[in-house]
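Visitor: my_file-v5.cif is reproduced below (mmCIF, C-alpha atoms).
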data_protein
#
loop_
_atom_site.label_atom_id
_atom_site.label_comp_id
_atom_site.auth_asym_id
_atom_site.auth_seq_id
_atom_site.Cartn_x
_atom_site.Cartn_y
_atom_site.Cartn_z
CA MET A 1 0.00 0.00 0.00
CA THR A 2 1.01 3.64 -0.45
CA VAL A 3 2.12 5.89 2.40
CA THR A 4 -1.14 7.79 2.08
CA ALA A 5 -3.12 4.59 2.50
CA TRP A 6 -1.19 3.69 5.65
CA VAL A 7 -1.74 7.16 7.08
CA LEU A 8 -5.48 6.89 6.46
CA LEU A 9 -5.62 3.45 8.09
CA GLY A 10 -3.63 4.79 11.04
CA VAL A 11 -6.16 7.60 11.50
CA ALA A 12 -8.96 5.06 11.28
CA ALA A 13 -7.29 2.89 13.94
CA LEU A 14 -7.09 5.90 16.29
CA LEU A 15 -10.77 6.63 15.63
CA ILE A 16 -11.68 3.02 16.45
CA GLY A 17 -10.01 3.38 19.84
CA LEU A 18 -11.77 6.68 20.55
CA ALA A 19 -15.08 5.21 19.42
CA LYS A 20 -14.77 2.26 21.79
CA THR A 21 -14.15 4.27 24.96
CA ALA A 22 -15.75 7.65 24.27
CA LEU A 23 -17.37 8.78 21.02
CA GLY A 24 -19.08 5.91 19.26
CA GLY A 25 -20.00 7.90 16.16
CA LEU A 26 -16.35 7.95 15.11
CA GLY A 27 -16.57 4.24 14.32
CA SER A 28 -18.62 4.94 11.20
CA ILE A 29 -15.87 7.20 9.85
CA ALA A 30 -13.28 4.48 10.46
CA ILE A 31 -15.45 1.95 8.62
CA ALA A 32 -15.75 4.29 5.64
CA ILE A 33 -11.98 4.90 5.56
CA PHE A 34 -11.21 1.18 5.56
CA ALA A 35 -13.76 0.47 2.83
CA THR A 36 -12.26 3.25 0.71
CA VAL A 37 -8.59 2.27 1.12
CA LEU A 38 -9.07 -1.52 0.90
CA PRO A 39 -11.36 -3.74 -1.18
CA ALA A 40 -14.72 -3.69 0.60
CA LYS A 41 -14.79 -7.37 1.59
CA GLU A 42 -11.19 -7.32 2.75
CA SER A 43 -11.91 -4.19 4.78
CA THR A 44 -14.59 -5.95 6.86
CA GLY A 45 -12.08 -8.53 8.07
CA ALA A 46 -9.27 -6.03 8.55
CA ILE A 47 -11.33 -3.69 10.69
CA LEU A 48 -12.92 -6.55 12.66
CA LEU A 49 -9.65 -7.55 14.34
CA LEU A 50 -8.94 -3.93 15.28
CA LEU A 51 -12.45 -3.61 16.71
CA VAL A 52 -11.80 -6.63 18.92
CA VAL A 53 -8.65 -4.96 20.27
CA GLY A 54 -10.67 -1.89 21.21
CA ASP A 55 -13.53 -4.01 22.58
CA VAL A 56 -11.25 -5.80 25.03
CA VAL A 57 -10.00 -2.51 26.47
CA ALA A 58 -13.47 -0.96 26.63
CA ALA A 59 -15.09 -4.03 28.20
CA TRP A 60 -12.40 -4.13 30.88
CA HIS A 61 -12.54 -0.42 31.65
CA TYR A 62 -16.35 -0.29 31.85
CA ARG A 63 -16.79 -3.82 33.22
CA GLY A 64 -18.91 -2.67 36.17
CA ASP A 65 -21.28 -0.51 34.13
CA ALA A 66 -22.93 -2.95 31.70
CA ASP A 67 -26.71 -3.37 31.93
CA ARG A 68 -27.08 -7.14 31.63
CA ALA A 69 -30.88 -6.94 31.53
CA LEU A 70 -30.69 -4.95 28.30
CA LEU A 71 -28.13 -7.38 26.90
CA ARG A 72 -30.42 -10.35 27.59
CA ARG A 73 -33.08 -8.75 25.38
CA LEU A 74 -30.68 -8.33 22.48
CA ILE A 75 -28.40 -11.38 22.39
CA PRO A 76 -30.90 -14.11 21.31
CA THR A 77 -31.73 -12.34 18.04
CA VAL A 78 -28.19 -11.32 17.11
CA VAL A 79 -27.28 -14.77 15.76
CA PRO A 80 -29.97 -14.84 13.01
CA GLY A 81 -28.79 -11.39 11.93
CA LEU A 82 -25.18 -12.58 11.81
CA LEU A 83 -26.09 -15.61 9.69
CA LEU A 84 -28.10 -13.45 7.29
CA GLY A 85 -25.05 -11.20 6.99
CA VAL A 86 -22.82 -14.21 6.21
CA ALA A 87 -25.19 -15.26 3.41
CA PHE A 88 -25.17 -11.72 2.03
CA LEU A 89 -21.35 -11.51 2.05
CA ALA A 90 -21.12 -14.86 0.28
CA VAL A 91 -23.13 -13.74 -2.76
CA VAL A 92 -22.44 -10.03 -3.35
CA ASP A 93 -19.48 -8.58 -5.23
CA ASP A 94 -17.13 -5.88 -3.95
CA VAL A 95 -18.95 -2.95 -5.57
CA VAL A 96 -22.33 -3.98 -4.20
CA LEU A 97 -20.85 -4.51 -0.75
CA ARG A 98 -19.10 -1.12 -0.71
CA ARG A 99 -22.31 0.64 -1.72
CA SER A 100 -24.25 -1.43 0.82
CA ILE A 101 -21.85 -0.29 3.55
CA GLY A 102 -22.37 3.30 2.46
CA GLY A 103 -26.13 2.85 2.39
CA LEU A 104 -26.14 1.29 5.86
CA LEU A 105 -24.07 4.14 7.27
CA LEU A 106 -26.40 6.70 5.68
CA ALA A 107 -29.44 4.93 7.11
CA MET A 108 -27.87 4.73 10.57
CA ALA A 109 -26.88 8.41 10.44
CA ALA A 110 -30.45 9.32 9.49
CA LEU A 111 -31.78 7.26 12.42
CA GLN A 112 -29.43 9.00 14.84
CA LEU A 113 -30.45 12.42 13.50
CA TRP A 114 -34.12 11.48 13.84
CA LEU A 115 -33.53 10.45 17.43
CA LYS A 116 -31.78 13.74 18.25
CA VAL A 117 -34.65 15.91 16.99
CA ARG A 118 -37.37 13.79 18.55
CA ALA A 119 -38.27 14.09 22.24
CA PRO A 120 -36.68 11.19 24.18
CA SER A 121 -39.92 10.58 26.10
CA SER A 122 -41.76 9.80 22.88
CA THR A 123 -39.36 6.99 21.97
CA SER A 124 -38.56 5.46 25.35
CA ALA A 125 -41.75 3.39 25.56
CA VAL A 126 -41.17 1.91 22.11
CA ALA A 127 -37.50 1.26 22.86
CA SER A 128 -38.27 -0.65 26.05
CA SER A 129 -40.60 -3.10 24.29
CA ARG A 130 -39.68 -6.69 23.48
CA ALA A 131 -40.15 -6.01 19.77
CA ALA A 132 -37.57 -3.21 19.88
CA GLY A 133 -35.05 -5.60 21.45
CA VAL A 134 -35.72 -8.22 18.77
CA VAL A 135 -35.38 -5.74 15.91
CA THR A 136 -32.28 -4.14 17.41
CA GLY A 137 -30.57 -7.49 17.98
CA ALA A 138 -31.27 -8.78 14.46
CA ALA A 139 -30.38 -5.47 12.79
CA SER A 140 -27.17 -5.23 14.81
CA GLY A 141 -26.17 -8.76 13.79
CA PHE A 142 -26.72 -8.09 10.09
CA ALA A 143 -25.15 -4.61 10.14
CA THR A 144 -22.07 -5.75 12.03
CA MET A 145 -21.48 -8.84 9.89
CA THR A 146 -21.74 -6.97 6.59
CA ALA A 147 -20.28 -3.59 7.52
CA ASN A 148 -19.10 -3.67 11.15
CA ALA A 149 -21.83 -1.06 11.66
CA ALA A 150 -23.74 -2.27 14.70
CA GLY A 151 -22.73 0.86 16.63
CA PRO A 152 -25.34 3.24 15.20
CA VAL A 153 -28.10 0.64 15.72
CA MET A 154 -27.10 0.17 19.35
CA THR A 155 -26.77 3.92 19.82
CA LEU A 156 -30.35 4.41 18.66
CA TYR A 157 -31.58 1.73 21.05
CA LEU A 158 -29.57 2.74 24.13
CA VAL A 159 -30.14 6.48 23.79
CA ALA A 160 -33.88 5.86 23.48
CA GLN A 161 -33.64 3.86 26.71
CA GLY A 162 -32.35 6.98 28.45
CA VAL A 163 -29.26 5.28 29.89
CA ASP A 164 -26.54 7.40 31.51
CA LYS A 165 -23.12 7.77 29.88
CA ARG A 166 -21.21 5.05 31.76
CA ARG A 167 -24.09 2.56 31.50
CA PHE A 168 -24.28 3.33 27.79
CA LEU A 169 -20.55 2.72 27.31
CA GLY A 170 -20.44 -0.37 29.53
CA THR A 171 -23.42 -2.07 27.90
CA GLY A 172 -22.16 -1.33 24.41
CA ALA A 173 -18.63 -2.50 25.22
CA LEU A 174 -19.74 -5.92 26.46
CA PHE A 175 -22.20 -6.34 23.58
CA TYR A 176 -19.65 -5.48 20.88
CA LEU A 177 -16.97 -7.70 22.41
CA GLY A 178 -19.26 -10.73 22.42
CA VAL A 179 -20.62 -10.12 18.93
CA ASN A 180 -17.25 -9.37 17.33
CA LEU A 181 -15.66 -12.47 18.86
CA CYS A 182 -18.50 -14.52 17.35
CA LYS A 183 -17.78 -12.92 13.98
CA VAL A 184 -14.11 -13.96 13.91
CA PRO A 185 -14.69 -17.62 12.92
CA LEU A 186 -17.46 -16.59 10.50
CA SER A 187 -15.18 -14.07 8.80
CA ALA A 188 -12.34 -16.62 8.71
CA GLY A 189 -14.69 -19.09 7.03
CA LEU A 190 -15.41 -16.49 4.35
CA GLY A 191 -11.67 -16.02 3.76
CA LEU A 192 -11.61 -12.47 5.11
CA LEU A 193 -8.83 -12.97 7.69
CA GLY A 194 -5.76 -13.80 5.63
CA GLY A 195 -2.13 -13.40 6.63
CA ASP A 196 -1.91 -9.83 5.29
CA THR A 197 -4.89 -8.85 7.43
CA VAL A 198 -3.30 -10.27 10.59
CA VAL A 199 -0.01 -8.46 9.90
CA ARG A 200 -1.86 -5.21 9.22
CA THR A 201 -3.77 -5.60 12.48
CA ALA A 202 -0.55 -6.11 14.44
CA LEU A 203 0.91 -2.93 12.95
CA LEU A 204 -2.18 -0.81 13.61
CA ALA A 205 -3.18 -2.22 17.01
CA PRO A 206 -0.94 0.19 19.01
CA LEU A 207 -2.84 3.10 17.47
CA VAL A 208 -6.14 1.54 18.57
CA LEU A 209 -4.77 1.28 22.12
CA LEU A 210 -3.65 4.91 21.97
CA GLY A 211 -7.15 5.88 20.87
CA THR A 212 -8.77 3.96 23.74
CA TRP A 213 -6.45 5.68 26.22
CA ALA A 214 -7.34 9.10 24.82
CA GLY A 215 -11.05 8.23 24.86
CA VAL A 216 -11.02 7.21 28.52
CA HIS A 217 -9.58 10.60 29.44
CA LEU A 218 -11.79 12.61 27.07
CA VAL A 219 -15.12 11.10 28.06
CA ARG A 220 -14.93 12.51 31.59
CA ARG A 221 -14.57 16.14 30.57
CA LEU A 222 -15.48 16.68 26.91
CA SER A 223 -18.78 18.33 25.98
CA GLN A 224 -20.10 16.18 23.15
CA THR A 225 -23.01 18.14 21.64
CA ARG A 226 -21.28 20.03 18.83
CA PHE A 227 -18.69 17.33 18.34
CA GLU A 228 -21.42 14.70 17.83
CA GLN A 229 -23.00 16.93 15.20
CA ALA A 230 -19.67 17.10 13.38
CA VAL A 231 -19.24 13.33 13.64
CA LEU A 232 -22.73 12.79 12.22
CA ALA A 233 -21.95 15.11 9.30
CA ALA A 234 -18.64 13.34 8.65
CA THR A 235 -20.41 9.98 8.70
CA VAL A 236 -22.87 11.17 6.05
CA VAL A 237 -20.07 12.52 3.84
CA SER A 238 -18.08 9.26 4.20
CA ALA A 239 -21.15 7.17 3.40
CA VAL A 240 -21.99 9.21 0.30
CA ALA A 241 -18.39 8.83 -0.89
CA LEU A 242 -18.71 5.04 -0.64
CA VAL A 243 -22.03 4.96 -2.46
CA VAL A 244 -20.93 7.07 -5.44
CA ARG A 245 -17.30 5.87 -5.67
#
Could you write out this structure as structure tokens?
Guide:
Amino acid sequence: MTVTAWVLLGVAALLIGLAKTALGGLGSIAIAIFATVLPAKESTGAILLLLVVGDVVAAWHYRGDADRALLRRLIPTVVPGLLLGVAFLAVVDDVVLRRSIGGLLLAMAALQLWLKVRAPSSTSAVASSRAAGVVTGAASGFATMTANAAGPVMTLYLVAQGVDKRRFLGTGALFYLGVNLCKVPLSAGLGLLGGDTVVRTALLAPLVLLGTWAGVHLVRRLSQTRFEQAVLAATVVSAVALVVR
């Protein structure tokens, strides 16, 4: 790869770390960068291993904050979503997958924007229902298997639940760690975790760790309102670039 490509992947690795311990919206930008620099299918395996690195750190740091009751609603329906994602990856070509990733990110950005402009009290009752847990679990499984994009789905669900910041981060960290570990053998079976991907992960992993360290320190003191708006805008721009590329 070119120096520019490595720099972009390094930035994406930092963003993955920050997303895992502080600002989840940054994950969508990292996904878009990987899918732009690498072939779309290869990018899903390459970013998966880096996500696991960040998940381990986040799950350990927020280990006492996870809401296991919420997780029990989601986990049973994640597996069907994962399997549907495996079937989708097995039949689509690289162009379709790249545009699908872009479309998913656009849809997730639109959902997050809708949630921000809508009163939380009007969505909390829907979000707490069993149906919402089923839909969120299945959608997360499919989105994460095809595009590593479960984050926006979970954000929609957890924000609508009205959870506080640490409970939000702790629940998401444990959920993503479990789901991404389940994806490793599925991705290996699809041939997405070759030797080059493992080497690339080893080279970029320190940047993920640096990002998680920075995120842990930022989350305690950083006002997120305007920054989240910028992240949402960047996600939309990145998604459009993937769709039209």
Visitor: With distances taken over all atoms listed in the file, which of A:Ala66, A:Ala138, A:Val91, A:Phe34 is nearest to Leu48 of chain A?
Guide: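 Of the candidates, the smallest distance to Leu48 of chain A is held by A:Phe34.
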Visitor: Calculate how many Å separate atom CA of Gln161 of chain A from atom CA of Leu23 of chain A, rounding to one decimal.
Guide: 17.9 Å
Visitor: Taking all atoms listed in the file into account, name the residue in A:Leu26, A:Val95, A:Val56, A:Ala90 that is nearest to Ser187 of chain A.
Guide: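 Of A:Leu26, A:Val95, A:Val56, A:Ala90, the one nearest Ser187 of chain A is A:Ala90, counting all atoms listed in the file.
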Visitor: Using only C-alpha atoms, determine which residues lie at most 9 Å from Pro206 of chain A, disregarding the query and same-chain residues fewer than 5 positions distant; provide the list as a list in words.
Guide: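 With the cut-off at 9 Å, the set is Ala13, Leu14 and Gly211 of chain A.
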Visitor: For Val163 of chain A, which residue out of A:Leu70, A:Trp60, A:Val134, A:Leu210 is the nearest one, using all atoms listed in the file?
Guide: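 Under the stated criterion, the closest residue is A:Leu70.
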Visitor: Given the choices A:Val86, A:Leu204, A:Ala22, A:Ala46, which gets closest to Val7 of chain A if the distance is worked out from only C-alpha atoms?
Guide: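 Distance minimum relative to Val7 of chain A lands on A:Leu204.
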Visitor: Determine the nearest neighbour of Ala147 of chain A from the options A:Val198, A:Leu207, A:Ala30, A:Ala69, counting all atoms listed in the file.
Guide: A:Ala30
Visitor: Could you name the residues that touch Leu97 of chain A at 10 Å or less, counting all atoms listed in the file, but leaving out those on the same chain fewer than 5 positions away, as a PyMOL selection string?
Guide: chain A and resi 35+39-41+44+88-89+91-92+102-103+146-147+242-243
Visitor: Please list, as an MDAnalysis selection string, the residues that have an atom at most 7 Å away from (-6.8, 4.2, 4.4) in the coordinates of this file, counting all atoms listed in the file.
Guide: chainID A and resid 5:9 33:34 36:37
Visitor: Can you turn the PyMOL selection byres ((chain A and resi 174) around 10) into a concrete residue list for this file, as a list in words?
Guide: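 Applying the PyMOL selection byres ((chain A and resi 174) around 10) to the structure shown produces Asp55, Val56, Ala58, Ala59, Trp60, Tyr62, Arg63, Asp65, Ala66, Asp67, Arg68, Leu71, Leu169, Gly170, Thr171, Gly172, Ala173, Phe175, Tyr176, Leu177, Gly178 and Val179 of chain A.
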Visitor: Rounded to one decimal in Å, what is the spacing between atom CA of Gly54 of chain A and atom CA of Ala150 of chain A?
Guide: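 Computed distance, atom CA of Gly54 of chain A to atom CA of Ala150 of chain A, equals 14.6 Å.
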Visitor: Work out how far atom CA of Phe168 of chain A is from atom CA of Leu186 of chain A, in Å to one decimal.
Guide: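 The value is 27.2 Å.
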Visitor: Go through A:Leu38, A:Pro76, A:Ser28, A:Val208 and flag the residue nearest Leu106 of chain A, using only C-alpha atoms for the distances.
Guide: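 Result for the nearest residue to Leu106 of chain A: A:Ser28.
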Visitor: List the neighbours of Gly137 of chain A out to 8 Å using all atoms listed in the file; skip same-chain residues closer than 2 positions along the sequence, and give me the result as a ChimeraX atom specification.
Guide: /A:73-78,81,133-135,139-141
Visitor: Mind checking which residues fall within 8 Å of Leu104 of chain A, counting only C-alpha atoms, ignoring those fewer than 4 positions away in the same chain, and posting them as a PyMOL selection string?
Guide: chain A and resi 100+108+143+147+149
